[in-house]
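Source file run30.cif; content: mmCIF, C-alpha atoms.
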data_final
#
loop_
_atom_site.group_PDB
_atom_site.id
_atom_site.type_symbol
_atom_site.label_atom_id
_atom_site.label_comp_id
_atom_site.auth_asym_id
_atom_site.auth_seq_id
_atom_site.Cartn_x
_atom_site.Cartn_y
_atom_site.Cartn_z
ATOM 1 C CA GLY A 1 9.922 2.359 -2.982
ATOM 2 C CA ASP A 2 8.199 2.777 0.367
ATOM 3 C CA SER A 3 6.911 6.290 0.910
ATOM 4 C CA VAL A 4 4.652 8.587 2.897
ATOM 5 C CA THR A 5 2.275 11.054 1.250
ATOM 6 C CA GLN A 6 0.723 13.981 3.079
ATOM 7 C CA MET A 7 -1.748 16.598 1.991
ATOM 8 C CA GLU A 8 -0.128 19.802 0.879
ATOM 9 C CA GLY A 9 -0.463 22.859 3.017
ATOM 10 C CA PRO A 10 -0.761 25.336 4.309
ATOM 11 C CA VAL A 11 -3.892 24.442 6.185
ATOM 12 C CA THR A 12 -5.464 27.624 7.538
ATOM 13 C CA LEU A 13 -8.100 27.396 10.259
ATOM 14 C CA SER A 14 -9.810 29.550 12.812
ATOM 15 C CA GLU A 15 -9.420 28.720 16.476
ATOM 16 C CA GLU A 16 -11.716 25.874 17.638
ATOM 17 C CA ALA A 17 -12.133 24.512 14.115
ATOM 18 C CA PHE A 18 -11.830 20.793 13.352
ATOM 19 C CA LEU A 19 -8.535 19.644 11.886
ATOM 20 C CA THR A 20 -7.748 16.776 9.539
ATOM 21 C CA ILE A 21 -4.358 16.265 7.928
ATOM 22 C CA ASN A 22 -4.330 13.298 5.579
ATOM 23 C CA CYS A 23 -1.481 10.830 5.449
ATOM 24 C CA THR A 24 -1.148 7.652 3.421
ATOM 25 C CA TYR A 25 1.758 5.271 3.174
ATOM 26 C CA THR A 26 3.092 2.537 0.990
ATOM 27 C CA ALA A 27 4.981 -0.332 2.531
ATOM 28 C CA THR A 28 5.755 -3.929 1.844
ATOM 29 C CA GLY A 29 5.211 -4.904 5.451
ATOM 30 C CA TYR A 30 3.549 -3.428 8.510
ATOM 31 C CA PRO A 31 5.465 -0.335 9.474
ATOM 32 C CA SER A 32 5.072 1.662 12.634
ATOM 33 C CA LEU A 33 3.518 5.061 11.996
ATOM 34 C CA PHE A 34 4.245 8.385 13.647
ATOM 35 C CA TRP A 35 3.199 11.995 13.658
ATOM 36 C CA TYR A 36 5.885 14.520 14.503
ATOM 37 C CA VAL A 37 5.382 18.247 15.039
ATOM 38 C CA GLN A 38 7.869 21.030 14.385
ATOM 39 C CA TYR A 39 7.138 24.357 16.043
ATOM 40 C CA PRO A 40 8.781 27.452 14.524
ATOM 41 C CA GLY A 41 12.531 27.464 15.027
ATOM 42 C CA GLU A 42 12.561 24.130 16.825
ATOM 43 C CA GLY A 43 13.376 20.503 16.166
ATOM 44 C CA LEU A 44 10.880 17.722 15.653
ATOM 45 C CA GLN A 45 8.908 16.333 18.563
ATOM 46 C CA LEU A 46 6.965 13.121 18.579
ATOM 47 C CA LEU A 47 3.248 13.883 18.750
ATOM 48 C CA LEU A 48 1.828 10.354 18.649
ATOM 49 C CA LYS A 49 2.414 6.915 17.218
ATOM 50 C CA ALA A 50 0.726 3.613 16.366
ATOM 51 C CA THR A 51 2.580 0.378 15.904
ATOM 52 C CA LYS A 52 -0.046 -2.004 14.502
ATOM 53 C CA ALA A 53 -3.279 -2.017 12.569
ATOM 54 C CA ASP A 54 -6.293 -0.426 14.284
ATOM 55 C CA ASP A 55 -4.118 1.150 16.974
ATOM 56 C CA LYS A 56 -5.078 4.708 17.825
ATOM 57 C CA GLY A 57 -2.372 7.117 18.889
ATOM 58 C CA SER A 58 -3.392 10.196 20.854
ATOM 59 C CA ASN A 59 -1.750 13.147 22.558
ATOM 60 C CA LYS A 60 -2.669 16.774 23.367
ATOM 61 C CA GLY A 61 -6.108 16.326 21.814
ATOM 62 C CA PHE A 62 -4.698 14.957 18.560
ATOM 63 C CA GLU A 63 -5.611 11.472 17.352
ATOM 64 C CA ALA A 64 -4.657 9.202 14.469
ATOM 65 C CA THR A 65 -5.780 5.636 13.715
ATOM 66 C CA TYR A 66 -3.650 3.097 11.868
ATOM 67 C CA ARG A 67 -5.870 1.917 8.994
ATOM 68 C CA LYS A 68 -4.330 -1.006 7.189
ATOM 69 C CA GLU A 69 -7.170 -1.367 4.698
ATOM 70 C CA THR A 70 -6.738 2.188 3.432
ATOM 71 C CA THR A 71 -2.999 2.451 4.318
ATOM 72 C CA SER A 72 -3.747 5.697 6.083
ATOM 73 C CA PHE A 73 -2.880 7.461 9.322
ATOM 74 C CA HIS A 74 -4.839 10.717 9.220
ATOM 75 C CA LEU A 75 -4.267 13.247 11.997
ATOM 76 C CA GLU A 76 -7.329 14.827 13.614
ATOM 77 C CA LYS A 77 -8.109 17.302 16.354
ATOM 78 C CA GLY A 78 -11.552 18.413 17.354
ATOM 79 C CA SER A 79 -10.742 22.000 18.305
ATOM 80 C CA VAL A 80 -7.454 23.610 17.297
ATOM 81 C CA GLN A 81 -5.726 26.417 19.148
ATOM 82 C CA VAL A 82 -3.412 29.160 17.948
ATOM 83 C CA SER A 83 -0.598 27.346 19.754
ATOM 84 C CA ASP A 84 -1.083 24.338 17.450
ATOM 85 C CA SER A 85 0.361 26.340 14.546
ATOM 86 C CA ALA A 86 3.326 24.309 13.354
ATOM 87 C CA VAL A 87 4.472 21.919 10.641
ATOM 88 C CA TYR A 88 3.203 18.358 11.032
ATOM 89 C CA PHE A 89 5.072 15.385 9.619
ATOM 90 C CA CYS A 90 3.724 11.917 9.075
ATOM 91 C CA ALA A 91 6.384 9.207 9.163
ATOM 92 C CA ARG A 92 6.799 5.469 8.929
ATOM 93 C CA ARG A 93 9.485 3.164 10.239
ATOM 94 C CA ASP A 94 10.063 -0.476 9.386
ATOM 95 C CA ASN A 95 12.713 -3.025 10.088
ATOM 96 C CA THR A 96 15.192 -1.308 7.798
ATOM 97 C CA ASP A 97 15.505 1.254 10.603
ATOM 98 C CA LYS A 98 14.766 4.184 8.338
ATOM 99 C CA LEU A 99 12.290 6.764 9.575
ATOM 100 C CA ILE A 100 10.755 8.018 6.327
ATOM 101 C CA PHE A 101 8.900 11.317 6.465
ATOM 102 C CA GLY A 102 6.173 12.858 4.413
ATOM 103 C CA THR A 103 6.693 16.336 3.015
ATOM 104 C CA GLY A 104 5.150 18.049 6.043
ATOM 105 C CA THR A 105 1.949 20.077 6.303
ATOM 106 C CA ARG A 106 1.992 23.581 7.694
ATOM 107 C CA LEU A 107 -0.950 24.425 9.950
ATOM 108 C CA GLN A 108 -1.825 28.053 10.639
ATOM 109 C CA VAL A 109 -4.487 28.759 13.245
ATOM 110 C CA PHE A 110 -5.864 32.268 13.581
ATOM 111 C CA PRO A 111 -7.764 33.663 16.562
ATOM 112 C CA ASP B 1 18.965 18.634 30.440
ATOM 113 C CA THR B 2 18.673 18.561 26.675
ATOM 114 C CA ALA B 3 18.281 14.993 25.424
ATOM 115 C CA VAL B 4 19.807 15.474 21.953
ATOM 116 C CA SER B 5 21.992 18.527 21.569
ATOM 117 C CA GLN B 6 23.662 19.873 18.453
ATOM 118 C CA THR B 7 26.266 22.560 18.025
ATOM 119 C CA PRO B 8 26.357 25.052 16.544
ATOM 120 C CA LYS B 9 22.743 26.117 16.128
ATOM 121 C CA TYR B 10 23.641 28.441 13.257
ATOM 122 C CA LEU B 11 26.573 28.187 10.877
ATOM 123 C CA VAL B 12 27.340 30.633 8.089
ATOM 124 C CA THR B 13 30.355 29.868 5.948
ATOM 125 C CA GLN B 14 31.811 30.413 2.509
ATOM 126 C CA MET B 15 31.831 27.982 -0.378
ATOM 127 C CA GLY B 16 34.793 25.657 -0.358
ATOM 128 C CA ASN B 17 35.240 25.655 3.395
ATOM 129 C CA ASP B 18 35.223 22.557 5.609
ATOM 130 C CA LYS B 19 32.948 22.529 8.656
ATOM 131 C CA SER B 20 31.734 20.160 11.347
ATOM 132 C CA ILE B 21 28.501 19.828 13.267
ATOM 133 C CA LYS B 22 28.530 18.026 16.593
ATOM 134 C CA CYS B 23 25.781 15.965 18.157
ATOM 135 C CA GLU B 24 25.487 14.405 21.587
ATOM 136 C CA GLN B 25 22.673 12.473 23.220
ATOM 137 C CA ASN B 26 22.296 11.697 26.918
ATOM 138 C CA LEU B 27 19.439 9.224 26.543
ATOM 139 C CA GLY B 28 21.601 6.120 26.553
ATOM 140 C CA HIS B 29 20.479 5.284 23.016
ATOM 141 C CA ASP B 30 22.660 3.173 20.768
ATOM 142 C CA THR B 31 21.418 4.427 17.397
ATOM 143 C CA MET B 32 21.974 7.914 16.016
ATOM 144 C CA TYR B 33 21.030 9.614 12.763
ATOM 145 C CA TRP B 34 21.604 12.651 10.616
ATOM 146 C CA TYR B 35 18.737 14.141 8.637
ATOM 147 C CA LYS B 36 18.752 17.022 6.173
ATOM 148 C CA GLN B 37 15.775 19.395 5.919
ATOM 149 C CA ASP B 38 15.673 21.527 2.802
ATOM 150 C CA SER B 39 14.049 24.918 2.292
ATOM 151 C CA LYS B 40 10.697 23.269 1.572
ATOM 152 C CA LYS B 41 10.824 21.442 4.915
ATOM 153 C CA PHE B 42 11.407 18.066 3.261
ATOM 154 C CA LEU B 43 13.282 15.726 5.607
ATOM 155 C CA LYS B 44 15.608 13.070 4.288
ATOM 156 C CA ILE B 45 17.800 10.646 6.168
ATOM 157 C CA MET B 46 21.508 10.856 5.458
ATOM 158 C CA PHE B 47 23.194 8.442 7.846
ATOM 159 C CA SER B 48 22.431 6.075 10.670
ATOM 160 C CA TYR B 49 24.861 4.588 13.182
ATOM 161 C CA ASN B 50 24.202 1.741 15.575
ATOM 162 C CA ASN B 51 26.779 1.122 18.305
ATOM 163 C CA LYS B 52 29.273 3.294 16.441
ATOM 164 C CA GLU B 53 28.856 1.337 13.206
ATOM 165 C CA LEU B 54 27.411 2.792 10.030
ATOM 166 C CA ILE B 55 24.176 1.011 9.090
ATOM 167 C CA ILE B 56 22.471 3.463 6.732
ATOM 168 C CA ASN B 57 24.277 5.570 4.182
ATOM 169 C CA GLU B 58 21.877 7.152 1.752
ATOM 170 C CA THR B 59 22.977 8.681 -1.516
ATOM 171 C CA VAL B 60 24.990 11.470 0.005
ATOM 172 C CA PRO B 61 28.080 13.049 -1.593
ATOM 173 C CA ASN B 62 31.268 11.694 -0.082
ATOM 174 C CA ARG B 63 32.093 15.255 0.996
ATOM 175 C CA PHE B 64 29.867 14.374 3.953
ATOM 176 C CA SER B 65 31.579 12.139 6.468
ATOM 177 C CA PRO B 66 29.957 11.108 9.731
ATOM 178 C CA LYS B 67 32.085 10.101 12.694
ATOM 179 C CA SER B 68 30.928 8.343 15.824
ATOM 180 C CA PRO B 69 33.624 8.321 18.529
ATOM 181 C CA ASP B 70 31.230 6.610 20.951
ATOM 182 C CA LYS B 71 27.554 5.699 21.189
ATOM 183 C CA ALA B 72 26.611 9.102 22.596
ATOM 184 C CA HIS B 73 28.142 11.173 19.817
ATOM 185 C CA LEU B 74 27.691 11.430 16.073
ATOM 186 C CA ASN B 75 29.457 14.274 14.342
ATOM 187 C CA LEU B 76 29.049 15.364 10.742
ATOM 188 C CA HIS B 77 31.988 16.749 8.816
ATOM 189 C CA ILE B 78 31.443 18.427 5.470
ATOM 190 C CA ASN B 79 34.298 19.148 3.059
ATOM 191 C CA SER B 80 34.330 21.688 0.250
ATOM 192 C CA LEU B 81 30.967 23.186 1.095
ATOM 193 C CA GLU B 82 28.646 24.080 -1.781
ATOM 194 C CA LEU B 83 25.686 26.439 -1.997
ATOM 195 C CA GLY B 84 23.329 23.460 -2.250
ATOM 196 C CA ASP B 85 24.447 22.233 1.149
ATOM 197 C CA SER B 86 22.514 25.084 2.749
ATOM 198 C CA ALA B 87 19.812 23.433 4.848
ATOM 199 C CA VAL B 88 18.888 22.569 8.397
ATOM 200 C CA TYR B 89 20.626 19.440 9.638
ATOM 201 C CA PHE B 90 18.985 17.426 12.394
ATOM 202 C CA CYS B 91 20.601 14.857 14.597
ATOM 203 C CA ALA B 92 18.392 12.193 16.161
ATOM 204 C CA SER B 93 18.714 9.116 18.331
ATOM 205 C CA SER B 94 16.674 6.047 19.183
ATOM 206 C CA GLN B 95 17.078 2.919 21.237
ATOM 207 C CA GLY B 96 18.075 0.055 19.002
ATOM 208 C CA THR B 97 16.573 -0.562 15.616
ATOM 209 C CA ASP B 98 13.142 -1.620 16.879
ATOM 210 C CA PRO B 99 10.699 -0.053 14.426
ATOM 211 C CA ASN B 100 8.215 0.572 17.245
ATOM 212 C CA THR B 101 10.461 3.063 18.988
ATOM 213 C CA GLU B 102 10.468 6.712 18.108
ATOM 214 C CA ALA B 103 13.445 8.888 17.343
ATOM 215 C CA PHE B 104 14.318 11.929 19.432
ATOM 216 C CA PHE B 105 15.547 14.968 17.531
ATOM 217 C CA GLY B 106 17.934 17.780 18.295
ATOM 218 C CA GLN B 107 17.101 21.426 17.705
ATOM 219 C CA GLY B 108 18.784 21.495 14.330
ATOM 220 C CA THR B 109 21.775 23.305 12.834
ATOM 221 C CA ARG B 110 20.959 25.878 10.197
ATOM 222 C CA LEU B 111 23.827 25.849 7.708
ATOM 223 C CA THR B 112 24.081 28.721 5.252
ATOM 224 C CA VAL B 113 26.727 28.567 2.563
ATOM 225 C CA VAL B 114 27.473 31.886 0.877
#
What is this structure when it is put down as structure tokens?
Amino acid sequence: GDSVTQMEGPVTLSEEAFLTINCTYTATGYPSLFWYVQYPGEGLQLLLKATKADDKGSNKGFEATYRKETTSFHLEKGSVQVSDSAVYFCARRDNTDKLIFGTGTRLQVFP
Amino acid sequence: DTAVSQTPKYLVTQMGNDKSIKCEQNLGHDTMYWYKQDSKKFLKIMFSYNNKELIINETVPNRFSPKSPDKAHLNLHINSLELGDSAVYFCASSQGTDPNTEAFFGQGTRLTVV
């Protein structure tokens, strides 16, 4: 079935390091792709999204590009901060209305 | 104002009890969802309602019964609670079933069954 695969965490970085969290998807069509973030003790918040191939979503210094040829939507940030420590979820949504999540990747940023 | 609000935030109860979690959204959305997040943070959809009608019902025990009295509310009732029901339950809403629109999530209800 359709799924989303994320790299396992935790990802541990020092402040100002470069971040990449890999995400790949399987789908029979062309789903919309999302990154959600969950800060400790909170619900999920939308971080960014892309709805068609080659779209780039960006927010708060994070970016992800919808790559149809590699079925990927990797999350990147050039310089992470301690406040970016959270769990990041890649997700896809198609016309079945389901928002299917990856397993989440915990990011820990140390000063 | 909170867009998607759930109550209670924490719920501790004994096995065999029946409990409900309430969810309300003030975004004017017509689609609402329940998700379950297990101890490993894995998120799985349970139910989806559009205009008060059930449109997604994943493989969930029939002890779980969602109820949508109107478009702004989707409550989750759980009968005969089991230890394995312990999880964080998230309510969410979105506008329509357009796959390009994102879902907005509540803060979650941490259910602990003892």
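Pairwise distance (CA of Ala53 in chain A, CA of Ala27 in chain A) equals 13.1 Å.
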Given the PyMOL selection byres ((chain B and resi 36) around 12), the residues it picks as a PDB file with C-alpha atoms, in the frame of the given file:
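Wrote it out as out-v1.pdb, contents follow:
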ATOM      1  CA  GLY A  43      13.376  20.503  16.166  1.00  0.00           C
ATOM      2  CA  PHE A 101       8.900  11.317   6.465  1.00  0.00           C
TER       3      PHE A 101
ATOM      4  CA  TYR B  33      21.030   9.614  12.763  1.00  0.00           C
ATOM      5  CA  TRP B  34      21.604  12.651  10.616  1.00  0.00           C
ATOM      6  CA  TYR B  35      18.737  14.141   8.637  1.00  0.00           C
ATOM      7  CA  GLN B  37      15.775  19.395   5.919  1.00  0.00           C
ATOM      8  CA  ASP B  38      15.673  21.527   2.802  1.00  0.00           C
ATOM      9  CA  SER B  39      14.049  24.918   2.292  1.00  0.00           C
ATOM     10  CA  LYS B  40      10.697  23.269   1.572  1.00  0.00           C
ATOM     11  CA  LYS B  41      10.824  21.442   4.915  1.00  0.00           C
ATOM     12  CA  PHE B  42      11.407  18.066   3.261  1.00  0.00           C
ATOM     13  CA  LEU B  43      13.282  15.726   5.607  1.00  0.00           C
ATOM     14  CA  LYS B  44      15.608  13.070   4.288  1.00  0.00           C
ATOM     15  CA  ILE B  45      17.800  10.646   6.168  1.00  0.00           C
ATOM     16  CA  MET B  46      21.508  10.856   5.458  1.00  0.00           C
ATOM     17  CA  PHE B  47      23.194   8.442   7.846  1.00  0.00           C
ATOM     18  CA  GLU B  58      21.877   7.152   1.752  1.00  0.00           C
ATOM     19  CA  VAL B  60      24.990  11.470   0.005  1.00  0.00           C
ATOM     20  CA  PHE B  64      29.867  14.374   3.953  1.00  0.00           C
ATOM     21  CA  LEU B  76      29.049  15.364  10.742  1.00  0.00           C
ATOM     22  CA  GLY B  84      23.329  23.460  -2.250  1.00  0.00           C
ATOM     23  CA  ASP B  85      24.447  22.233   1.149  1.00  0.00           C
ATOM     24  CA  SER B  86      22.514  25.084   2.749  1.00  0.00           C
ATOM     25  CA  ALA B  87      19.812  23.433   4.848  1.00  0.00           C
ATOM     26  CA  VAL B  88      18.888  22.569   8.397  1.00  0.00           C
ATOM     27  CA  TYR B  89      20.626  19.440   9.638  1.00  0.00           C
ATOM     28  CA  PHE B  90      18.985  17.426  12.394  1.00  0.00           C
ATOM     29  CA  CYS B  91      20.601  14.857  14.597  1.00  0.00           C
ATOM     30  CA  ALA B  92      18.392  12.193  16.161  1.00  0.00           C
ATOM     31  CA  PHE B 105      15.547  14.968  17.531  1.00  0.00           C
ATOM     32  CA  GLY B 108      18.784  21.495  14.330  1.00  0.00           C
ATOM     33  CA  THR B 109      21.775  23.305  12.834  1.00  0.00           C
ATOM     34  CA  ARG B 110      20.959  25.878  10.197  1.00  0.00           C
ATOM     35  CA  LEU B 111      23.827  25.849   7.708  1.00  0.00           C
TER      36      LEU B 111
END
Give as a list in words each residue that has an atom at most 7 Å from (26.2, 28.0, 0.9) in the file, counting only C-alpha atoms.
->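 Applying the cut-off with only C-alpha atoms, one gets Thr13, Gln14, Met15, Leu81, Glu82, Leu83, Gly84, Asp85, Ser86, Thr112, Val113 and Val114 of chain B.
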Expected file contents, prior selection, C-alpha atoms, as a PDB file, in the frame of the given file:
ATOM      1  CA  THR B  13      30.355  29.868   5.948  1.00  0.00           C
ATOM      2  CA  GLN B  14      31.811  30.413   2.509  1.00  0.00           C
ATOM      3  CA  MET B  15      31.831  27.982  -0.378  1.00  0.00           C
ATOM      4  CA  LEU B  81      30.967  23.186   1.095  1.00  0.00           C
ATOM      5  CA  GLU B  82      28.646  24.080  -1.781  1.00  0.00           C
ATOM      6  CA  LEU B  83      25.686  26.439  -1.997  1.00  0.00           C
ATOM      7  CA  GLY B  84      23.329  23.460  -2.250  1.00  0.00           C
ATOM      8  CA  ASP B  85      24.447  22.233   1.149  1.00  0.00           C
ATOM      9  CA  SER B  86      22.514  25.084   2.749  1.00  0.00           C
ATOM     10  CA  THR B 112      24.081  28.721   5.252  1.00  0.00           C
ATOM     11  CA  VAL B 113      26.727  28.567   2.563  1.00  0.00           C
ATOM     12  CA  VAL B 114      27.473  31.886   0.877  1.00  0.00           C
TER      13      VAL B 114
END
What separation in Å, quoted to one decimal, exists between CA of Val11 in chain A and CA of Ala50 in chain A?
->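 CA of Val11 in chain A sits 23.6 Å away from CA of Ala50 in chain A.
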Could you tell me which residues the PyMOL selection byres ((chain A) within 12 of (chain B)) grabs in this file, written as an MDAnalysis selection string?
-> chainID A and resid 3:6 8:10 29:52 86:106
Would you mind exporting C-alpha atoms of the selected residues as a CSV table (one decimal), keeping the file's coordinate frame?
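Output below, filename part00.csv:
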chain,number,residue,atom,x,y,z
A,3,SER,CA,6.9,6.3,0.9
A,4,VAL,CA,4.7,8.6,2.9
A,5,THR,CA,2.3,11.1,1.2
A,6,GLN,CA,0.7,14.0,3.1
A,8,GLU,CA,-0.1,19.8,0.9
A,9,GLY,CA,-0.5,22.9,3.0
A,10,PRO,CA,-0.8,25.3,4.3
A,29,GLY,CA,5.2,-4.9,5.5
A,30,TYR,CA,3.5,-3.4,8.5
A,31,PRO,CA,5.5,-0.3,9.5
A,32,SER,CA,5.1,1.7,12.6
A,33,LEU,CA,3.5,5.1,12.0
A,34,PHE,CA,4.2,8.4,13.6
A,35,TRP,CA,3.2,12.0,13.7
A,36,TYR,CA,5.9,14.5,14.5
A,37,VAL,CA,5.4,18.2,15.0
A,38,GLN,CA,7.9,21.0,14.4
A,39,TYR,CA,7.1,24.4,16.0
A,40,PRO,CA,8.8,27.5,14.5
A,41,GLY,CA,12.5,27.5,15.0
A,42,GLU,CA,12.6,24.1,16.8
A,43,GLY,CA,13.4,20.5,16.2
A,44,LEU,CA,10.9,17.7,15.7
A,45,GLN,CA,8.9,16.3,18.6
A,46,LEU,CA,7.0,13.1,18.6
A,47,LEU,CA,3.2,13.9,18.8
A,48,LEU,CA,1.8,10.4,18.6
A,49,LYS,CA,2.4,6.9,17.2
A,50,ALA,CA,0.7,3.6,16.4
A,51,THR,CA,2.6,0.4,15.9
A,52,LYS,CA,0.0,-2.0,14.5
A,86,ALA,CA,3.3,24.3,13.4
A,87,VAL,CA,4.5,21.9,10.6
A,88,TYR,CA,3.2,18.4,11.0
A,89,PHE,CA,5.1,15.4,9.6
A,90,CYS,CA,3.7,11.9,9.1
A,91,ALA,CA,6.4,9.2,9.2
A,92,ARG,CA,6.8,5.5,8.9
A,93,ARG,CA,9.5,3.2,10.2
A,94,ASP,CA,10.1,-0.5,9.4
A,95,ASN,CA,12.7,-3.0,10.1
A,96,THR,CA,15.2,-1.3,7.8
A,97,ASP,CA,15.5,1.3,10.6
A,98,LYS,CA,14.8,4.2,8.3
A,99,LEU,CA,12.3,6.8,9.6
A,100,ILE,CA,10.8,8.0,6.3
A,101,PHE,CA,8.9,11.3,6.5
A,102,GLY,CA,6.2,12.9,4.4
A,103,THR,CA,6.7,16.3,3.0
A,104,GLY,CA,5.2,18.0,6.0
A,105,THR,CA,1.9,20.1,6.3
A,106,ARG,CA,2.0,23.6,7.7
Distance CA of Val109 in chain A-CA of Ser79 in chain A, one decimal place?
->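 Atom-to-atom, CA of Val109 in chain A to CA of Ser79 in chain A, that is 10.5 Å.
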Please write the residues picked by the PyMOL selection byres ((chain A and resi 69) around 12) on this file as a ChimeraX atom specification.
-> /A:24-26,30,53-54,65-68,70-73
Nearest candidate to Asn22 in chain A (options A:Asn59, A:Leu107, A:Ser83, A:His74; using all atoms listed in the file) =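 Checking each candidate against Asn22 in chain A, we get A:His74 as the closest.
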Centre and edges of the range 77-87 of chain A box, axis-aligned, 6 Å extra per side, as JSON:
{"center_x": -3.5, "center_y": 23.2, "center_z": 15.2, "size_x": 28.0, "size_y": 23.9, "size_z": 21.1}
Point out the residue among B:Arg63, B:Tyr49, B:His29, B:Cys23 with the least atom-to-atom distance to Ile78 in chain B, counting all atoms listed in the file.
->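 Between B:Arg63, B:Tyr49, B:His29, B:Cys23, the residue approaching Ile78 in chain B most closely is B:Arg63.
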